[in-house]
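K.L.:
Quick one, my_file-v3.txt (compact mmCIF, C-alpha atoms):
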# COMPACT_ATOMS: atom_id res chain seq x y z
CA MET A 1 94.14 136.16 91.20
CA PRO A 2 92.80 133.77 88.94
CA GLN A 3 94.49 130.59 87.85
CA GLU A 4 97.93 131.66 89.09
CA LEU A 5 96.86 130.97 92.67
CA ARG A 6 98.39 127.70 93.87
CA ALA A 7 97.67 126.29 97.32
CA VAL A 8 100.43 123.68 96.85
CA GLY A 9 103.80 124.27 95.23
CA TRP A 10 107.20 122.55 95.06
CA THR A 11 110.20 124.81 95.65
CA GLY A 12 112.89 122.35 94.61
CA ASN A 13 113.55 120.88 98.04
CA SER A 14 110.44 121.65 100.07
CA LEU A 15 106.67 122.03 99.83
CA ALA A 16 105.15 125.51 99.88
CA LEU A 17 101.61 125.56 101.29
CA ILE A 18 99.36 128.59 101.58
CA ASP A 19 98.34 128.55 105.26
CA GLN A 20 94.57 128.49 104.89
CA THR A 21 94.02 128.80 108.64
CA LEU A 22 95.20 132.44 108.37
CA LEU A 23 93.05 133.61 105.45
CA PRO A 24 91.44 136.00 104.70
CA HIS A 25 93.38 138.39 106.94
CA ARG A 26 96.88 137.06 106.27
CA ASN A 27 98.13 135.39 103.10
CA GLU A 28 101.21 133.48 104.21
CA THR A 29 103.03 130.43 102.86
CA ARG A 30 104.45 127.68 105.04
CA ASP A 31 107.70 126.00 104.03
CA VAL A 32 107.30 122.26 104.74
CA ARG A 33 110.47 120.17 104.81
CA ASP A 34 109.57 117.10 106.88
CA VAL A 35 106.83 114.50 107.21
CA ASP A 36 105.67 115.52 110.70
CA THR A 37 105.03 119.08 109.53
CA LEU A 38 103.14 117.89 106.46
CA VAL A 39 100.92 115.51 108.44
CA ASP A 40 100.20 118.30 110.91
CA ALA A 41 99.39 120.71 108.06
CA ILE A 42 96.92 118.25 106.55
CA GLN A 43 95.23 117.49 109.86
CA ARG A 44 94.98 121.13 110.98
CA LEU A 45 93.61 122.21 107.56
CA VAL A 46 96.61 124.38 106.70
CA VAL A 47 96.11 122.62 103.37
CA ARG A 48 92.59 121.33 102.74
CA GLY A 49 90.24 120.24 99.98
CA ALA A 50 90.53 116.71 98.63
CA PRO A 51 92.43 117.53 95.39
CA ALA A 52 94.85 119.92 97.17
CA ILE A 53 95.50 117.31 99.85
CA GLY A 54 96.13 114.80 97.08
CA ALA A 55 98.71 117.06 95.47
CA ALA A 56 100.36 117.70 98.85
CA GLY A 57 100.46 113.96 99.52
CA ALA A 58 102.01 113.31 96.11
CA TYR A 59 104.85 115.72 96.87
CA GLY A 60 104.97 114.30 100.40
CA VAL A 61 106.56 111.14 99.01
CA ALA A 62 109.45 113.31 97.80
CA LEU A 63 109.64 114.97 101.23
CA ALA A 64 109.91 111.55 102.87
CA LEU A 65 112.72 110.56 100.50
CA LEU A 66 114.64 113.78 101.17
CA GLN A 67 114.17 113.55 104.93
CA GLY A 68 115.22 109.90 104.86
CA GLU A 69 118.39 110.85 103.02
CA ARG A 70 119.18 113.62 105.52
CA GLU A 71 118.50 111.48 108.57
CA GLY A 72 119.79 108.12 107.37
CA TRP A 73 116.45 106.30 107.26
CA THR A 74 116.09 102.80 105.92
CA GLU A 75 113.73 102.19 103.01
CA GLU A 76 111.29 100.66 105.50
CA GLN A 77 111.33 103.88 107.55
CA VAL A 78 110.70 106.00 104.44
CA ARG A 79 107.76 103.80 103.45
CA ALA A 80 106.36 104.04 106.97
CA ALA A 81 106.58 107.84 106.78
CA VAL A 82 104.73 107.81 103.46
CA ALA A 83 102.04 105.62 105.03
CA ARG A 84 101.56 108.26 107.75
CA ILE A 85 100.99 110.91 105.10
CA ARG A 86 98.58 108.64 103.23
CA GLU A 87 96.40 108.16 106.34
CA ALA A 88 96.52 111.76 107.59
CA ARG A 89 92.85 112.39 106.63
CA PRO A 90 90.95 109.16 106.06
CA THR A 91 87.80 110.48 104.37
CA ALA A 92 89.51 112.22 101.43
CA VAL A 93 90.23 109.43 98.94
CA ASN A 94 92.35 111.71 96.70
CA LEU A 95 95.12 111.67 99.29
CA MET A 96 95.39 107.88 99.15
CA VAL A 97 94.98 107.69 95.36
CA CYS A 98 97.67 110.30 94.69
CA VAL A 99 100.17 108.88 97.18
CA ASP A 100 99.65 105.39 95.75
CA ARG A 101 100.14 106.70 92.21
CA VAL A 102 103.44 108.37 93.06
CA MET A 103 104.61 105.31 94.97
CA THR A 104 104.54 103.34 91.71
CA ARG A 105 107.67 105.37 90.82
CA PHE A 106 109.26 105.04 94.28
CA GLU A 107 111.92 102.53 93.23
CA GLU A 108 113.05 104.87 90.44
CA GLY A 109 114.17 107.51 92.91
CA LEU A 110 113.51 111.14 93.74
CA GLU A 111 113.47 112.56 90.21
CA ALA A 112 110.82 110.07 89.07
CA VAL A 113 108.72 110.71 92.19
CA LEU A 114 108.81 114.47 91.56
CA GLU A 115 107.93 113.95 87.90
CA GLU A 116 104.84 111.95 88.88
CA ALA A 117 103.83 114.43 91.59
CA ALA A 118 104.06 117.28 89.07
CA ALA A 119 101.88 115.27 86.69
CA VAL A 120 99.29 114.82 89.46
CA GLN A 121 99.19 118.58 89.97
CA ARG A 122 99.10 119.45 86.26
CA GLU A 123 96.36 116.93 85.49
CA ASP A 124 94.20 118.22 88.34
CA VAL A 125 94.29 121.77 86.96
CA GLU A 126 93.40 120.46 83.48
CA ALA A 127 90.57 118.38 84.94
CA ASN A 128 89.23 121.37 86.85
CA ARG A 129 89.14 123.48 83.71
CA ALA A 130 87.24 120.77 81.87
CA MET A 131 84.87 120.35 84.81
CA GLY A 132 84.10 124.06 84.83
CA ALA A 133 83.11 123.98 81.15
CA HIS A 134 81.05 120.78 81.45
CA GLY A 135 79.21 122.02 84.53
CA ALA A 136 78.45 125.45 83.06
CA ASP A 137 77.22 123.93 79.80
CA TRP A 138 74.95 121.48 81.63
CA LEU A 139 73.46 124.14 83.92
CA LEU A 140 72.78 126.62 81.14
CA GLU A 141 71.09 123.94 79.06
CA ARG A 142 69.11 122.45 81.96
CA LEU A 143 67.93 125.81 83.29
CA ALA A 144 67.23 127.44 79.93
CA GLY A 145 63.50 126.90 80.42
CA SER A 146 63.20 128.26 83.96
CA ALA A 147 65.89 130.94 83.92
CA GLY A 148 65.95 131.84 80.23
CA ASP A 149 68.78 134.27 79.54
CA ARG A 150 68.77 135.52 83.13
CA PRO A 151 72.12 135.16 84.94
CA LEU A 152 72.06 132.29 87.44
CA ARG A 153 71.97 132.37 91.23
CA ILE A 154 74.15 129.62 92.66
CA LEU A 155 74.56 128.27 96.19
CA THR A 156 77.75 126.52 97.26
CA HIS A 157 78.98 124.89 100.46
CA CYS A 158 82.52 124.86 101.88
CA ASN A 159 85.47 125.90 99.67
CA THR A 160 86.05 124.21 96.33
CA GLY A 161 88.18 126.79 94.56
CA ALA A 162 91.84 127.13 93.71
CA LEU A 163 92.66 126.86 97.41
CA ALA A 164 91.06 123.41 97.62
CA THR A 165 92.67 122.01 94.48
CA ALA A 166 95.85 122.11 92.46
CA GLY A 167 94.38 125.18 90.77
CA TRP A 168 91.16 126.76 89.34
CA GLY A 169 88.67 124.73 91.41
CA THR A 170 85.92 122.11 91.15
CA ALA A 171 82.48 123.47 92.11
CA LEU A 172 83.92 126.98 92.30
CA GLY A 173 85.52 126.32 88.93
CA VAL A 174 82.00 125.89 87.47
CA ILE A 175 81.00 129.15 89.15
CA ARG A 176 84.08 130.92 87.75
CA GLU A 177 83.22 129.63 84.27
CA LEU A 178 79.64 130.96 84.55
CA HIS A 179 81.03 134.30 85.68
CA ALA A 180 83.49 134.40 82.78
CA ARG A 181 80.58 133.84 80.38
CA GLY A 182 78.54 136.64 81.94
CA ARG A 183 75.92 134.15 83.13
CA LEU A 184 76.24 134.49 86.91
CA GLU A 185 74.17 136.88 89.01
CA VAL A 186 75.16 136.04 92.56
CA VAL A 187 76.61 133.30 94.77
CA TYR A 188 75.31 132.26 98.18
CA ALA A 189 78.31 130.90 100.09
CA ASP A 190 77.53 128.87 103.21
CA GLU A 191 79.91 129.84 106.02
CA THR A 192 80.71 126.15 106.72
CA ARG A 193 81.94 124.21 109.72
CA PRO A 194 84.42 123.51 111.20
CA LEU A 195 86.67 126.47 110.38
CA LEU A 196 84.37 128.76 108.37
CA GLN A 197 85.85 127.64 105.06
CA GLY A 198 83.02 129.32 103.17
CA SER A 199 83.18 132.72 104.82
CA ARG A 200 86.98 132.82 105.08
CA LEU A 201 88.10 131.06 101.89
CA THR A 202 85.29 130.91 99.32
CA ALA A 203 84.35 134.52 99.99
CA TRP A 204 88.02 135.52 99.70
CA GLU A 205 88.33 133.82 96.32
CA LEU A 206 85.06 135.39 95.12
CA VAL A 207 86.35 138.84 96.15
CA GLN A 208 89.53 138.28 94.12
CA GLU A 209 87.35 137.49 91.08
CA GLY A 210 84.91 140.36 91.61
CA ILE A 211 81.99 137.92 91.86
CA PRO A 212 78.90 139.25 93.74
CA HIS A 213 78.07 137.04 96.70
CA TYR A 214 76.45 136.67 100.08
CA VAL A 215 77.90 134.72 102.99
CA GLN A 216 75.17 132.96 104.95
CA ALA A 217 74.94 130.69 107.97
CA ASP A 218 74.80 126.99 107.11
CA GLY A 219 71.37 126.84 108.75
CA ALA A 220 70.06 129.51 106.32
CA ALA A 221 70.78 127.48 103.19
CA ALA A 222 67.58 125.43 103.10
CA GLY A 223 65.41 128.51 103.59
CA THR A 224 67.23 130.41 100.86
CA ILE A 225 66.64 127.52 98.48
CA LEU A 226 62.99 127.00 99.39
CA ARG A 227 62.23 130.72 99.03
CA GLY A 228 63.24 130.49 95.38
CA GLN A 229 66.37 132.60 95.68
CA VAL A 230 68.64 129.93 94.16
CA ASP A 231 68.64 128.28 90.72
CA ALA A 232 71.06 125.46 91.56
CA ALA A 233 73.54 124.30 94.20
CA ILE A 234 77.06 123.13 93.37
CA VAL A 235 79.35 121.45 95.90
CA GLY A 236 82.55 119.44 95.88
CA ALA A 237 83.30 116.01 97.32
CA ASP A 238 85.88 114.18 99.38
CA ARG A 239 84.81 110.68 98.34
CA ILE A 240 82.16 109.38 95.95
CA ALA A 241 80.98 105.78 96.23
CA ALA A 242 80.24 103.57 93.22
CA ASN A 243 76.49 104.16 93.65
CA GLY A 244 76.86 107.96 93.68
CA ASP A 245 76.64 108.48 97.45
CA THR A 246 78.86 111.48 98.17
CA ALA A 247 80.85 112.43 101.27
CA ASN A 248 81.38 116.17 101.54
CA LYS A 249 81.78 118.79 104.23
CA VAL A 250 79.18 118.46 106.98
CA GLY A 251 76.00 120.34 106.11
CA THR A 252 75.95 119.25 102.48
CA VAL A 253 73.13 116.72 102.84
CA GLY A 254 70.78 119.44 104.10
CA VAL A 255 71.46 121.46 100.96
CA ALA A 256 70.71 118.41 98.80
CA LEU A 257 67.44 117.72 100.60
CA ALA A 258 66.31 121.32 100.17
CA CYS A 259 67.19 121.23 96.45
CA ALA A 260 65.18 118.03 96.02
CA ASP A 261 62.17 119.61 97.70
CA ALA A 262 62.48 122.78 95.63
CA GLY A 263 62.99 120.85 92.39
CA ILE A 264 66.29 122.52 91.48
CA PRO A 265 69.58 120.86 90.46
CA PHE A 266 72.05 119.71 93.09
CA LEU A 267 75.43 119.19 91.43
CA VAL A 268 78.59 117.57 92.77
CA ALA A 269 81.77 118.63 90.97
CA ALA A 270 84.84 116.45 91.52
CA PRO A 271 87.62 114.83 89.50
CA THR A 272 87.40 111.12 88.77
CA THR A 273 90.17 110.58 91.34
CA THR A 274 87.53 111.36 93.99
CA VAL A 275 85.36 108.45 92.80
CA ASP A 276 86.18 105.35 94.84
CA LEU A 277 84.79 102.37 92.93
CA ALA A 278 85.99 100.06 95.72
CA THR A 279 83.47 101.73 98.04
CA ALA A 280 80.05 100.37 97.15
CA THR A 281 77.88 102.84 99.08
CA GLY A 282 78.14 105.77 101.45
CA ASP A 283 77.67 103.42 104.39
CA ASP A 284 81.24 102.25 103.80
CA ILE A 285 82.79 105.73 103.91
CA HIS A 286 84.72 106.52 107.07
CA ILE A 287 83.53 109.82 108.56
CA GLU A 288 86.22 111.76 110.39
CA LEU A 289 85.25 113.04 113.83
CA ARG A 290 87.06 116.24 114.77
CA GLY A 291 87.82 117.51 118.27
CA GLU A 292 84.71 118.27 120.30
CA ASN A 293 86.01 121.66 121.44
CA GLU A 294 85.28 123.02 117.94
CA VAL A 295 81.58 122.91 118.81
CA LEU A 296 81.83 123.46 122.57
CA GLU A 297 84.05 126.56 122.42
CA TRP A 298 84.34 129.78 120.43
CA SER A 299 87.81 131.32 120.09
CA GLY A 300 88.97 129.25 123.04
CA VAL A 301 86.09 130.34 125.31
CA ARG A 302 83.68 127.65 126.49
CA THR A 303 80.16 128.35 125.22
CA ALA A 304 78.47 125.08 126.21
CA PRO A 305 77.95 123.80 129.77
CA ALA A 306 80.94 122.02 131.24
CA GLU A 307 78.95 118.79 131.35
CA SER A 308 78.11 118.84 127.62
CA ARG A 309 79.86 116.63 125.09
CA GLY A 310 80.46 117.57 121.47
CA HIS A 311 79.53 115.62 118.34
CA ASN A 312 81.64 117.01 115.53
CA PRO A 313 81.60 115.01 112.27
CA ALA A 314 83.71 116.72 109.61
CA PHE A 315 81.61 115.27 106.77
CA ASP A 316 78.20 113.89 105.95
CA VAL A 317 77.05 111.59 103.15
CA THR A 318 74.50 112.69 100.54
CA PRO A 319 72.63 109.72 99.02
CA GLY A 320 73.11 109.35 95.29
CA ARG A 321 69.35 109.64 94.72
CA LEU A 322 69.67 113.33 95.70
CA VAL A 323 72.60 114.06 93.35
CA THR A 324 71.14 115.50 90.16
CA GLY A 325 74.48 115.51 88.40
CA LEU A 326 78.08 114.49 89.04
CA VAL A 327 80.41 116.79 87.10
CA THR A 328 83.83 115.31 86.31
CA GLU A 329 86.47 116.13 83.72
CA ARG A 330 84.74 113.60 81.44
CA GLY A 331 81.31 115.22 81.50
CA VAL A 332 78.16 115.10 83.64
CA LEU A 333 76.57 111.92 85.00
CA GLU A 334 72.91 112.31 85.94
CA VAL A 335 73.20 110.15 89.05
CA SER A 336 69.65 110.50 90.37
CA ALA A 337 68.43 109.35 86.93
CA GLY A 338 70.47 106.15 87.17
CA GLU A 339 73.83 107.06 85.62
CA LEU A 340 76.03 105.64 88.37
CA PRO A 341 79.79 106.21 88.71
CA GLY A 342 80.40 102.48 89.18
CA GLU A 343 78.93 101.79 85.74
CA HIS A 344 80.18 104.80 83.77
CA LEU A 345 83.63 105.63 85.15
CA LYS A 346 85.34 102.24 85.13
Rewrite the coordinates I just gave you, this time as structure tokens.
P.N.:
Amino acid sequence: MPQELRAVGWTGNSLALIDQTLLPHRNETRDVRDVDTLVDAIQRLVVRGAPAIGAAGAYGVALALLQGEREGWTEEQVRAAVARIREARPTAVNLMVCVDRVMTRFEEGLEAVLEEAAAVQREDVEANRAMGAHGADWLLERLAGSAGDRPLRILTHCNTGALATAGWGTALGVIRELHARGRLEVVYADETRPLLQGSRLTAWELVQEGIPHYVQADGAAAGTILRGQVDAAIVGADRIAANGDTANKVGTVGVALACADAGIPFLVAAPTTTVDLATATGDDIHIELRGENEVLEWSGVRTAPAESRGHNPAFDVTPGRLVTGLVTERGVLEVSAGELPGEHLK
């Protein structure tokens, strides 16, 4: 597989997205040529993961321009279509950041927009590679006393690999780097709500790499950590506040709490585009609520009583005091020790 896998690609006049709702049993690509289809793909998790959504949104500006040209839209209509893309998933700040970046070239026309979108994608892959090296270096140095030369056992939550980014991966990029260095024993991959991103997507990527792993229920993660079967946990992020509070896929905060109790590192790996310095704390992060049927039904069959209602947050917020380290393309901030994004990433 490795770095050639691209969840998001530009064909010349359309956006090619690996349909992640079909993996691991079918590896198919959707050809996206209009704004409605792109917004639907983002909301249904055809494309998912904050950096991958950001790349899709960047190219979405080009889609809006092309559709506007075909259908005779005014500039106001094109801008309104871009705004719909920008707001398609409100928790993932990368989508907004990347769309806004490309829109700075909007007046220059389609070629300039595509040039900027390609730069967004290229820079994300470069950032992920750097992140993988920084995270692996930090872990091997930090755990040298407890693990010695023993390969590491890592727990991860949700999918943070090439499928979730423009390529290579964030947290899974650190794991891939450890594996490449011969310093990885096994990965515990949480299955992950709402669409089993861990068991369907992370496990699929680990199989492609030949990385030994277990898939476990989200509820098993804390026990696995507290029984001493894990050396560190590494997760991604959809938005990081200035104080280090981190929004990630629901279930993450339980992993962080277990790591704190066990005294092992809890790392967040994300590009600096995921850090939102305008958001002071996690209390200000909008948490997306998904449809309640995702927790009341299984494969379309009702499993809860008809009278029951579903509470289905897509994300939770891990307080910065529980984040041992924030791995970005610039290095590692030890957030719980006081190295806050708002002070160090301006």
K.L.:
Point out the residue among A:Leu23, A:Ala147, A:Ala55, A:Leu195 with the least atom-to-atom distance to A:Arg290, counting all atoms listed in the file.
P.N.:
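So, comparing all the options, the nearest one is A:Leu195.
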K.L.:
Could you check which of A:Asp245, A:Glu87, A:Glu76, A:Glu108 is closest to A:Ile42, using only C-alpha atoms?
P.N.:
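Using only C-alpha atoms, the shortest distance to A:Ile42 belongs to A:Glu87.
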K.L.:
Using all atoms listed in the file, find the one residue out of A:Arg330, A:Arg70, A:Arg26, A:His311 that sits nearest to A:Gly132.
P.N.:
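For A:Gly132, the nearest of the given residues is A:Arg330.
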K.L.:
Compile the contact shell of A:Pro212 as a ChimeraX atom specification: residues with an atom at most 10 Å away, counting all atoms listed in the file, same-chain residues fewer than 5 positions apart removed.
P.N.:
/A:179,184-188,203,206-207
K.L.:
For stretch 139-193 of chain A versus stretch 255-274 of chain A, which residues have an atom no more than 12 Å away, and what is each residue's nearest atom pair and distance in Å rounded to one decimal, using all atoms listed in the file, chain-then-number order, as JSON lines?
P.N.:
{"residue": "A:Leu139", "atom": "CA", "partner": "A:Pro265", "partner_atom": "CA", "distance": 8.3}
{"residue": "A:Leu140", "atom": "CA", "partner": "A:Pro265", "partner_atom": "CA", "distance": 11.4}
{"residue": "A:Glu141", "atom": "CA", "partner": "A:Pro265", "partner_atom": "CA", "distance": 11.9}
{"residue": "A:Arg142", "atom": "CA", "partner": "A:Pro265", "partner_atom": "CA", "distance": 8.7}
{"residue": "A:Leu143", "atom": "CA", "partner": "A:Pro265", "partner_atom": "CA", "distance": 8.9}
{"residue": "A:Ser146", "atom": "CA", "partner": "A:Ile264", "partner_atom": "CA", "distance": 10.0}
{"residue": "A:Ala147", "atom": "CA", "partner": "A:Ile264", "partner_atom": "CA", "distance": 11.3}
{"residue": "A:Arg153", "atom": "CA", "partner": "A:Ile264", "partner_atom": "CA", "distance": 11.4}
{"residue": "A:Ile154", "atom": "CA", "partner": "A:Pro265", "partner_atom": "CA", "distance": 10.1}
{"residue": "A:Leu155", "atom": "CA", "partner": "A:Val255", "partner_atom": "CA", "distance": 8.9}
{"residue": "A:Thr156", "atom": "CA", "partner": "A:Val255", "partner_atom": "CA", "distance": 8.9}
{"residue": "A:His157", "atom": "CA", "partner": "A:Val255", "partner_atom": "CA", "distance": 8.3}
{"residue": "A:Cys158", "atom": "CA", "partner": "A:Val255", "partner_atom": "CA", "distance": 11.6}
{"residue": "A:Asn159", "atom": "CA", "partner": "A:Ala269", "partner_atom": "CA", "distance": 11.9}
{"residue": "A:Thr160", "atom": "CA", "partner": "A:Ala269", "partner_atom": "CA", "distance": 8.8}
{"residue": "A:Gly161", "atom": "CA", "partner": "A:Ala269", "partner_atom": "CA", "distance": 11.0}
{"residue": "A:Ala164", "atom": "CA", "partner": "A:Ala270", "partner_atom": "CA", "distance": 11.2}
{"residue": "A:Thr165", "atom": "CA", "partner": "A:Ala270", "partner_atom": "CA", "distance": 10.0}
{"residue": "A:Ala166", "atom": "CA", "partner": "A:Pro271", "partner_atom": "CA", "distance": 11.4}
{"residue": "A:Gly169", "atom": "CA", "partner": "A:Ala270", "partner_atom": "CA", "distance": 9.1}
{"residue": "A:Thr170", "atom": "CA", "partner": "A:Ala269", "partner_atom": "CA", "distance": 5.4}
{"residue": "A:Ala171", "atom": "CA", "partner": "A:Ala269", "partner_atom": "CA", "distance": 5.0}
{"residue": "A:Leu172", "atom": "CA", "partner": "A:Ala269", "partner_atom": "CA", "distance": 8.7}
{"residue": "A:Gly173", "atom": "CA", "partner": "A:Ala269", "partner_atom": "CA", "distance": 8.8}
{"residue": "A:Val174", "atom": "CA", "partner": "A:Ala269", "partner_atom": "CA", "distance": 8.1}
{"residue": "A:Ile175", "atom": "CA", "partner": "A:Ala269", "partner_atom": "CA", "distance": 10.7}
{"residue": "A:Tyr188", "atom": "CA", "partner": "A:Val255", "partner_atom": "CA", "distance": 11.8}
{"residue": "A:Ala189", "atom": "CA", "partner": "A:Val255", "partner_atom": "CA", "distance": 11.7}
{"residue": "A:Asp190", "atom": "CA", "partner": "A:Val255", "partner_atom": "CA", "distance": 9.8}
{"residue": "A:Thr192", "atom": "CA", "partner": "A:Val255", "partner_atom": "CA", "distance": 11.9}
K.L.:
What gap, in Å, lies between atom CA of A:Glu297 and atom CA of A:Asp19?
P.N.:
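That distance, rounded to one decimal, is 22.4 Å.
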K.L.:
Out of A:Ala221, A:Ala62, A:Ala144, A:Ala88, which residue has the shortest atom-to-atom distance to A:Gln43 when counting only C-alpha atoms?
P.N.:
A:Ala88
K.L.:
Go through A:Thr74, A:Asn248, A:Gln20, A:Thr224 and flag the residue nearest A:Ala314, using all atoms listed in the file for the distances.
P.N.:
A:Asn248
K.L.:
Taking all atoms listed in the file into account, which of A:Asp283, A:Glu288, A:Asp218, A:Asp149 comes nearest A:Asp238?
P.N.:
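Counting all atoms listed in the file, the residue closest to A:Asp238 is A:Glu288.
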K.L.:
Please indicate the distance in Å from atom CA of A:Asn128 to atom CA of A:Ile211, rounded to one decimal place.
P.N.:
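Going from atom CA of A:Asn128 over to atom CA of A:Ile211 covers 18.7 Å.
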K.L.:
Tell me, in Å to one decimal, how far atom CA of A:Trp204 is from atom CA of A:Asp316.
P.N.:
24.6 Å
K.L.:
Excluding same-chain residues fewer than 5 positions from A:Asp34, what lies within 9 Å of it counting only C-alpha atoms, as a PyMOL selection string?
P.N.:
chain A and resi 14+39+60+63-64+66-67
K.L.:
Set up a box along x, y and z of the file covering all listed atoms of stretch 71-80 of chain A, add 3 Å on every one of the six sides, and write the centre and edge lengths in Å to one decimal, as JSON.
P.N.:
{"center_x": 113.1, "center_y": 106.1, "center_z": 105.8, "size_x": 19.4, "size_y": 16.8, "size_z": 11.6}
K.L.:
Please return, as an mmCIF file with C-alpha atoms, in the frame of the given file, all polymer residues that have at least one atom within 10 Å of the point (86.4, 124.1, 81.1); use all atoms listed in the file and the file's own coordinate frame.
P.N.:
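Result went into point-v4.cif, see below:
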data_model
loop_
_atom_site.group_PDB
_atom_site.id
_atom_site.type_symbol
_atom_site.label_atom_id
_atom_site.label_comp_id
_atom_site.auth_asym_id
_atom_site.auth_seq_id
_atom_site.Cartn_x
_atom_site.Cartn_y
_atom_site.Cartn_z
ATOM 1 C CA GLU A 126 93.400 120.460 83.480
ATOM 2 C CA ALA A 127 90.570 118.380 84.940
ATOM 3 C CA ASN A 128 89.230 121.370 86.850
ATOM 4 C CA ARG A 129 89.140 123.480 83.710
ATOM 5 C CA ALA A 130 87.240 120.770 81.870
ATOM 6 C CA MET A 131 84.870 120.350 84.810
ATOM 7 C CA GLY A 132 84.100 124.060 84.830
ATOM 8 C CA ALA A 133 83.110 123.980 81.150
ATOM 9 C CA HIS A 134 81.050 120.780 81.450
ATOM 10 C CA GLY A 135 79.210 122.020 84.530
ATOM 11 C CA ALA A 136 78.450 125.450 83.060
ATOM 12 C CA ASP A 137 77.220 123.930 79.800
ATOM 13 C CA TRP A 168 91.160 126.760 89.340
ATOM 14 C CA GLY A 173 85.520 126.320 88.930
ATOM 15 C CA VAL A 174 82.000 125.890 87.470
ATOM 16 C CA ARG A 176 84.080 130.920 87.750
ATOM 17 C CA GLU A 177 83.220 129.630 84.270
ATOM 18 C CA GLU A 329 86.470 116.130 83.720
#
K.L.:
As number ranges by chain, please: the residues near stretch 331-337 of chain A (cut-off 8 Å, only C-alpha atoms, same-chain neighbours under 4 positions excluded).
P.N.:
A: 131, 134-135, 138, 244, 320-327, 341
K.L.:
Contacts of A:Gln121 at 12 Å or less, counting only C-alpha atoms, minus same-chain residues fewer than 4 places along, as a PyMOL selection string?
P.N.:
chain A and resi 6-10+51-59+94+98+102+114-117+125-128+162+165-168
K.L.:
Generate the output file for the selected residues, C-alpha atoms, as a PDB file, in the frame of the given file.
P.N.:
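Below you can see out-v9.pdb, which holds the result:
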ATOM      1  CA  ARG A   6      98.390 127.700  93.870  1.00  0.00           C
ATOM      2  CA  ALA A   7      97.670 126.290  97.320  1.00  0.00           C
ATOM      3  CA  VAL A   8     100.430 123.680  96.850  1.00  0.00           C
ATOM      4  CA  GLY A   9     103.800 124.270  95.230  1.00  0.00           C
ATOM      5  CA  TRP A  10     107.200 122.550  95.060  1.00  0.00           C
ATOM      6  CA  PRO A  51      92.430 117.530  95.390  1.00  0.00           C
ATOM      7  CA  ALA A  52      94.850 119.920  97.170  1.00  0.00           C
ATOM      8  CA  ILE A  53      95.500 117.310  99.850  1.00  0.00           C
ATOM      9  CA  GLY A  54      96.130 114.800  97.080  1.00  0.00           C
ATOM     10  CA  ALA A  55      98.710 117.060  95.470  1.00  0.00           C
ATOM     11  CA  ALA A  56     100.360 117.700  98.850  1.00  0.00           C
ATOM     12  CA  GLY A  57     100.460 113.960  99.520  1.00  0.00           C
ATOM     13  CA  ALA A  58     102.010 113.310  96.110  1.00  0.00           C
ATOM     14  CA  TYR A  59     104.850 115.720  96.870  1.00  0.00           C
ATOM     15  CA  ASN A  94      92.350 111.710  96.700  1.00  0.00           C
ATOM     16  CA  CYS A  98      97.670 110.300  94.690  1.00  0.00           C
ATOM     17  CA  VAL A 102     103.440 108.370  93.060  1.00  0.00           C
ATOM     18  CA  LEU A 114     108.810 114.470  91.560  1.00  0.00           C
ATOM     19  CA  GLU A 115     107.930 113.950  87.900  1.00  0.00           C
ATOM     20  CA  GLU A 116     104.840 111.950  88.880  1.00  0.00           C
ATOM     21  CA  ALA A 117     103.830 114.430  91.590  1.00  0.00           C
ATOM     22  CA  VAL A 125      94.290 121.770  86.960  1.00  0.00           C
ATOM     23  CA  GLU A 126      93.400 120.460  83.480  1.00  0.00           C
ATOM     24  CA  ALA A 127      90.570 118.380  84.940  1.00  0.00           C
ATOM     25  CA  ASN A 128      89.230 121.370  86.850  1.00  0.00           C
ATOM     26  CA  ALA A 162      91.840 127.130  93.710  1.00  0.00           C
ATOM     27  CA  THR A 165      92.670 122.010  94.480  1.00  0.00           C
ATOM     28  CA  ALA A 166      95.850 122.110  92.460  1.00  0.00           C
ATOM     29  CA  GLY A 167      94.380 125.180  90.770  1.00  0.00           C
ATOM     30  CA  TRP A 168      91.160 126.760  89.340  1.00  0.00           C
TER      31      TRP A 168
END
K.L.:
If we count all atoms listed in the file and set the cut-off at 7 Å, which residues sit around A:Thr29, ignoring sequence neighbours fewer than 4 positions away in its own chain? Please answer as a PyMOL selection string.
P.N.:
chain A and resi 16-19
